[in-house]
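Take a look at the structure set out below.
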Amino acid sequence: MPKPRVIYWFRTDLRLHDSPALAAALELKPSCLYPIWTWDPHYVYRARVGPNRWQFLLDCQEDLSKSITKLNPKSKLFLIREAPQTLFPKLFKEWKITHLVFEKDTDAYARQRDEAVMQIAKKAGVEVIVKVGRTLYDPDELVKQNKGKSTMSIAQVQSAGAKIGNIPRPIPSPTSLPDPGDLSLSFSPERPEETPDFNASHRESQDKSYQELSGPNNDFAIPTLSELGIKPATSPHRGGETLALSALSSILSDVAYTATFEKPKTAPTDFSPQSTTLLSPHLHFGSLSVREFYWRVQDIVTSFKSKGKKPSEPPTSLTGQLLFRDMYFGAQAAQGYAFAQTYNNSNIRFIPWHLPSTISPDNSLITGSYHVDDAQAESYFRRWKSGTTGFPFVDALMRQLRLEGWIHHLGRHMVACFLTRGGCYIDWERGAEVFEEWLIDHEVACNVGNWQWLSCTAFYSQYYRCYSPVAFGRKWDPEGAFVKKYVPELENFDKKYVYEPWKAPIADQKKWGCLVKGDGGGDESEATKEGLKNYPKPMFDFDTQRDICIQGMKNAYRVGLYGNDKRVLDGTWRTLFDDDAEGPTTGNDGIPGAQVDGAKEKDVDEGEDAGDFESDSKTAQKAKKPEHQKPKSARKREAGQSTLDGMVTRKKKKDQA
DNA sequence: GGGTGCGTTGCTTCG
DNA sequence: GCGAAGCAACGCACC
């Protein structure tokens, strides 16, 4: 029996500590071990990845490669620039591989890719070993223990998790690594299809990362941003296992913070330092093990408890945050590609949002482009994305997101609610795409799940609880320091007006150096002439728009369609939504379902100037609906919102009495 | 099958 | 400055 020649395939586990899959590879006692990364064109061109997340990935790879070399000077992370599906058949043969080892990945594309690779390995006589290490529980096992259904609540995760058993303790990092074998590559690579390139807008020059199979110097080097043609990163947050472990230790050195952490009580407006751990990008890239995080926290909590002190508990505690991550992975695992869209998804409520996704007739999946069914909604979307809505708290968050690739969880709630059910009535899939592009911690399962949560299409349904861009920011940061940092136009504004600068008297606006005027288009000549800065007026009256949205949600809940309903699939859902009753909230001249003549489609390949909606008379007319045609709620604010909280509180008090 | 309690993270007013 | 009440009224598990 020849000694094993092993490829360790790094993917979502860019670390050496607590890697069950790497431990399994070493248990084989291989004669040679190739730690590799396959430079997959699916990620390079077909995922939305902005400069900051690229930087974070490259940081993680560089750090891991250095750590490997420390354990064995002959080894490193060998980066091979070809899709795994076409690379592996050749690589197995050339390097005489006996085993392929990797960590399980339940993302929709990853499953498909890994299935193909396992078939290839089988054909080549290569044994495949797969281990779970990305989540606390194997998402498939979680689903199995949840009666085969998506995990849709924390209670379900806790109950299914209890059936699976204890979360394994982390495994120490290896202290040595075998040599790699012969590294020659005599075959020619398959060149990837470069279009569509979802990241074209982030490139300042052409991508050169596929010119040589083992890199420009034939040393299997990790590419640089400039090699990718990607613009420089702007985020202060950097990647790598070394940083992740030191950040974890530093956070956990504060025992009280660790043991009493309650997510809803952390401020979305805190910066330098922020109020949460910022470990999420490390969990995404695997530069931090989720089990390492879990057990280091859990041990502190146990010790805290043993001293008679009261720690916080899931779901608000630190470990609770990890359970939410597992919940979303469990939801995704059961649904596959359909998880990331409304169309043909039985778990998601159908709401006739504006700017709906285009659906491919071939596979019923979203294509990455969308319909501009309404001129005003497209304008709202652009202003939301560019941080020029005229609502300073929303704009500050969106600018922080674009610049730094991270915003606080509650900040994400604010802007997500604002874009969907609590402001613009725009499809959550548009927002999820922007987050995918800009977040350094973007995880499909968590991002999509949270957008469904915030848009009240799945996981959560209390649509009448709505975040106010004025009140919510003020609650956490009455002085407006956060807004002033990310919207410096308002840095001199009095705190009385910082969340609603349009209310400031003109004389004060001039005194504070910024005129609140226009729509954020940049051509505010009056301000420029006077040497003043300019900040846009709010793009709508929030209270009015919020009530329109709530009425729209109420109606959509009453209609009660889900994404897989026949009427959603064939387009007949439109007959169920009376436009006169719901007015501007219904995006019912677009998809899903049958195409409608005259509706504009915005393609992913179009530049920022695309989407010439002004020429579309139908949508233009709709945007200018006369006052009398608007729903009652749009004309006058009738009442505030409500929840059962008040009654529950009253009842409790009564019971206690 | 109806009622009740609860669900990580709302806002405003009032005392 | 704080906590409680009021607002209009979701789904789900459990009894």
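Letters A, B, ... go to the chains of the structure tokens in the order shown; residues in each chain start at 1; ligands are counted from 1 in the same order.
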9 Å contacts from chain C to chain A using only C-alpha atoms (C1' of nucleotides), as a list in words:
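Matching residues, ligands excluded from the count: DA4, DA5, DG6, DC7, DA8, DA9, DC10 and DG11 of chain C.
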If you run DSSP on the backbone here, which positions in region 205-400 of chain A get helix (DSSP H, G or I)? Please write them as a compact mmCIF listing (two decimals) with C-alpha atoms, in the first residue's frame.
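Result written to result-v2.txt:
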# COMPACT_ATOMS: atom_id res chain seq x y z
CA LEU A 225 -5.68 43.50 -5.83
CA SER A 226 -3.76 45.17 -8.63
CA GLU A 227 -3.37 41.84 -10.44
CA LEU A 228 -7.15 41.47 -10.22
CA GLU A 241 -6.06 33.98 11.40
CA THR A 242 -3.34 35.73 13.41
CA LEU A 243 -5.45 38.90 13.71
CA ALA A 244 -8.62 36.91 14.38
CA LEU A 245 -7.16 35.00 17.32
CA SER A 246 -5.63 38.08 18.88
CA ALA A 247 -8.90 40.01 18.43
CA LEU A 248 -10.80 37.15 20.07
CA SER A 249 -8.43 37.07 23.04
CA SER A 250 -8.60 40.80 23.43
CA ILE A 251 -12.43 40.82 23.40
CA LEU A 252 -12.71 37.89 25.80
CA VAL A 255 -15.07 38.99 31.23
CA ALA A 256 -18.09 41.16 32.07
CA TYR A 257 -18.55 42.17 28.41
CA THR A 258 -18.29 38.54 27.28
CA ALA A 259 -20.59 37.07 29.91
CA THR A 260 -23.30 39.73 29.89
CA LYS A 263 -27.09 42.21 21.25
CA PRO A 264 -30.20 44.46 21.38
CA LYS A 265 -28.43 46.61 23.96
CA SER A 280 -18.14 38.00 11.64
CA PRO A 281 -15.77 38.39 8.64
CA HIS A 282 -13.36 35.97 10.32
CA LEU A 283 -16.19 33.47 10.75
CA HIS A 284 -17.08 33.92 7.09
CA PHE A 285 -13.59 33.22 5.78
CA VAL A 290 -16.96 29.12 15.23
CA ARG A 291 -16.37 26.31 17.76
CA GLU A 292 -13.30 28.03 19.11
CA PHE A 293 -15.40 31.19 19.55
CA TYR A 294 -18.28 29.25 21.11
CA TRP A 295 -16.24 27.33 23.66
CA ARG A 296 -13.96 30.19 24.66
CA VAL A 297 -17.11 32.23 25.43
CA GLN A 298 -18.96 29.33 27.04
CA ASP A 299 -16.11 28.61 29.44
CA ILE A 300 -16.07 32.25 30.55
CA VAL A 301 -19.85 32.18 31.02
CA THR A 302 -19.65 28.98 33.09
CA SER A 303 -16.98 30.44 35.34
CA PHE A 304 -18.97 33.71 35.65
CA LYS A 305 -22.02 31.72 36.71
CA SER A 306 -20.05 29.68 39.25
CA LEU A 318 -22.69 36.05 22.32
CA THR A 319 -23.29 32.31 21.84
CA GLY A 320 -26.86 33.18 20.84
CA GLN A 321 -25.44 35.10 17.89
CA LEU A 322 -23.74 31.90 16.75
CA LEU A 323 -27.05 30.04 17.00
CA PHE A 324 -28.63 32.57 14.64
CA ARG A 325 -25.84 31.86 12.19
CA ASP A 326 -26.61 28.16 12.40
CA MET A 327 -30.33 28.88 12.01
CA TYR A 328 -29.71 30.63 8.69
CA PHE A 329 -27.38 27.87 7.51
CA GLY A 330 -30.10 25.36 8.41
CA ALA A 331 -32.66 27.34 6.42
CA GLN A 332 -30.37 27.57 3.42
CA ALA A 333 -29.33 23.90 3.54
CA ALA A 334 -32.94 22.77 3.14
CA GLN A 335 -33.71 25.06 0.23
CA GLY A 336 -30.65 25.30 -2.01
CA TYR A 337 -30.58 28.01 -4.67
CA ALA A 338 -34.24 28.94 -4.10
CA PHE A 339 -33.32 30.13 -0.59
CA ALA A 340 -31.87 33.34 -1.97
CA ALA A 375 -39.24 55.46 -11.89
CA GLN A 376 -39.46 56.84 -8.39
CA ALA A 377 -38.53 53.53 -6.76
CA GLU A 378 -35.43 53.29 -8.96
CA SER A 379 -34.49 56.77 -7.84
CA TYR A 380 -35.07 55.86 -4.18
CA PHE A 381 -32.89 52.76 -4.64
CA ARG A 382 -30.01 54.72 -6.15
CA ARG A 383 -30.14 57.30 -3.41
CA TRP A 384 -30.29 54.59 -0.73
CA LYS A 385 -27.24 52.88 -2.21
CA SER A 386 -25.23 56.07 -2.61
CA PRO A 392 -28.63 61.44 7.79
CA PHE A 393 -28.73 58.25 9.84
CA VAL A 394 -29.52 56.10 6.81
CA ASP A 395 -26.90 57.90 4.73
CA ALA A 396 -24.23 57.61 7.44
CA LEU A 397 -24.80 53.87 7.66
CA MET A 398 -24.74 53.36 3.90
CA ARG A 399 -21.55 55.40 3.59
CA GLN A 400 -19.91 53.48 6.44
Taking a cut-off of 7 Å and counting only C-alpha atoms (C1' of nucleotides), can you build a table that, for each residue of region 409-487 of chain A near chain B, reports the nearest atom pair and how far apart they are in Å (one decimal), sorted by chain then residue number, as a Markdown table?
| residue | atom | partner | partner_atom | distance |
| --- | --- | --- | --- | --- |
| A:Leu410 | CA | B:DT9 | C1' | 6.8 |
| A:Arg465 | CA | B:DG10 | C1' | 4.8 |
| A:Cys466 | CA | B:DG10 | C1' | 5.5 |
| A:Tyr467 | CA | B:DG10 | C1' | 6.0 |
For those residues, write C-alpha atoms to a file as a PDB file, in the first residue's frame.
ATOM      1  CA  LEU A 410     -28.925  47.131  14.149  1.00  0.00           C
ATOM      2  CA  ARG A 465     -42.666  47.583  14.165  1.00  0.00           C
ATOM      3  CA  CYS A 466     -40.824  49.998  12.003  1.00  0.00           C
ATOM      4  CA  TYR A 467     -37.499  51.762  12.446  1.00  0.00           C
TER       5      TYR A 467
END
Just list the residues in region 257-389 of chain A DSSP gives strand (DSSP E or B) on the backbone, as a ChimeraX atom specification.
/A:349,354,357-359,366-372
Neighbours of region 16-23 of chain A within 6 Å (only C-alpha atoms (C1' of nucleotides); same-chain residues fewer than 4 positions away dropped), as number ranges by chain?
A: 102-103, 131, 170-173
Include all heavy atoms and write out the residues we just selected as a short mmCIF file (atom, residue, chain, number, x, y, z; two decimals), in the first residue's frame.
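What landed in out.cif:
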data_model
loop_
_atom_site.label_atom_id
_atom_site.label_comp_id
_atom_site.auth_asym_id
_atom_site.auth_seq_id
_atom_site.Cartn_x
_atom_site.Cartn_y
_atom_site.Cartn_z
N PHE A 102 -11.45 18.03 2.49
CA PHE A 102 -11.94 19.41 2.61
C PHE A 102 -13.06 19.52 3.63
O PHE A 102 -13.59 18.51 4.09
CB PHE A 102 -12.36 19.97 1.24
CG PHE A 102 -13.41 19.17 0.50
CD1 PHE A 102 -14.75 19.29 0.81
CD2 PHE A 102 -13.03 18.31 -0.53
CE1 PHE A 102 -15.72 18.57 0.10
CE2 PHE A 102 -13.99 17.59 -1.24
CZ PHE A 102 -15.33 17.72 -0.93
N GLU A 103 -13.38 20.79 3.95
CA GLU A 103 -14.45 21.08 4.90
C GLU A 103 -15.78 21.21 4.17
O GLU A 103 -15.85 21.82 3.10
CB GLU A 103 -14.14 22.39 5.64
CG GLU A 103 -15.14 22.75 6.71
CD GLU A 103 -14.75 24.03 7.46
OE1 GLU A 103 -15.03 25.13 6.96
OE2 GLU A 103 -14.15 23.92 8.55
N LYS A 131 -15.22 16.87 6.27
CA LYS A 131 -15.52 17.05 7.70
C LYS A 131 -16.28 18.35 7.91
O LYS A 131 -16.10 19.33 7.17
CB LYS A 131 -14.22 17.09 8.51
CG LYS A 131 -13.48 15.77 8.54
CD LYS A 131 -14.10 14.81 9.54
CE LYS A 131 -13.38 13.46 9.51
NZ LYS A 131 -13.99 12.50 10.44
N PRO A 170 -12.87 22.61 20.39
CA PRO A 170 -11.90 22.86 19.31
C PRO A 170 -10.66 21.96 19.38
O PRO A 170 -10.29 21.48 20.45
CB PRO A 170 -11.52 24.32 19.51
CG PRO A 170 -11.96 24.68 20.88
CD PRO A 170 -13.08 23.77 21.25
N ILE A 171 -10.06 21.76 18.21
CA ILE A 171 -8.86 20.93 18.09
C ILE A 171 -7.65 21.88 18.00
O ILE A 171 -7.72 22.88 17.29
CB ILE A 171 -8.94 20.10 16.78
CG1 ILE A 171 -10.23 19.31 16.73
CG2 ILE A 171 -7.72 19.21 16.60
CD1 ILE A 171 -10.58 18.81 15.33
N PRO A 172 -6.55 21.57 18.69
CA PRO A 172 -5.39 22.46 18.59
C PRO A 172 -4.81 22.52 17.17
O PRO A 172 -5.00 21.58 16.39
CB PRO A 172 -4.37 21.85 19.56
CG PRO A 172 -5.09 20.80 20.31
CD PRO A 172 -6.32 20.43 19.56
N SER A 173 -4.08 23.60 16.89
CA SER A 173 -3.40 23.72 15.59
C SER A 173 -2.35 22.62 15.48
O SER A 173 -1.77 22.21 16.49
CB SER A 173 -2.69 25.05 15.48
OG SER A 173 -3.59 26.10 15.66
#
From the set A:Lys208, A:His409, A:His202, A:Lys74, which residue has the shortest atom-to-atom contact distance to chain B, counting only C-alpha atoms (C1' of nucleotides)?
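Of A:Lys208, A:His409, A:His202, A:Lys74, the one nearest chain B is A:His409, counting only C-alpha atoms (C1' of nucleotides).
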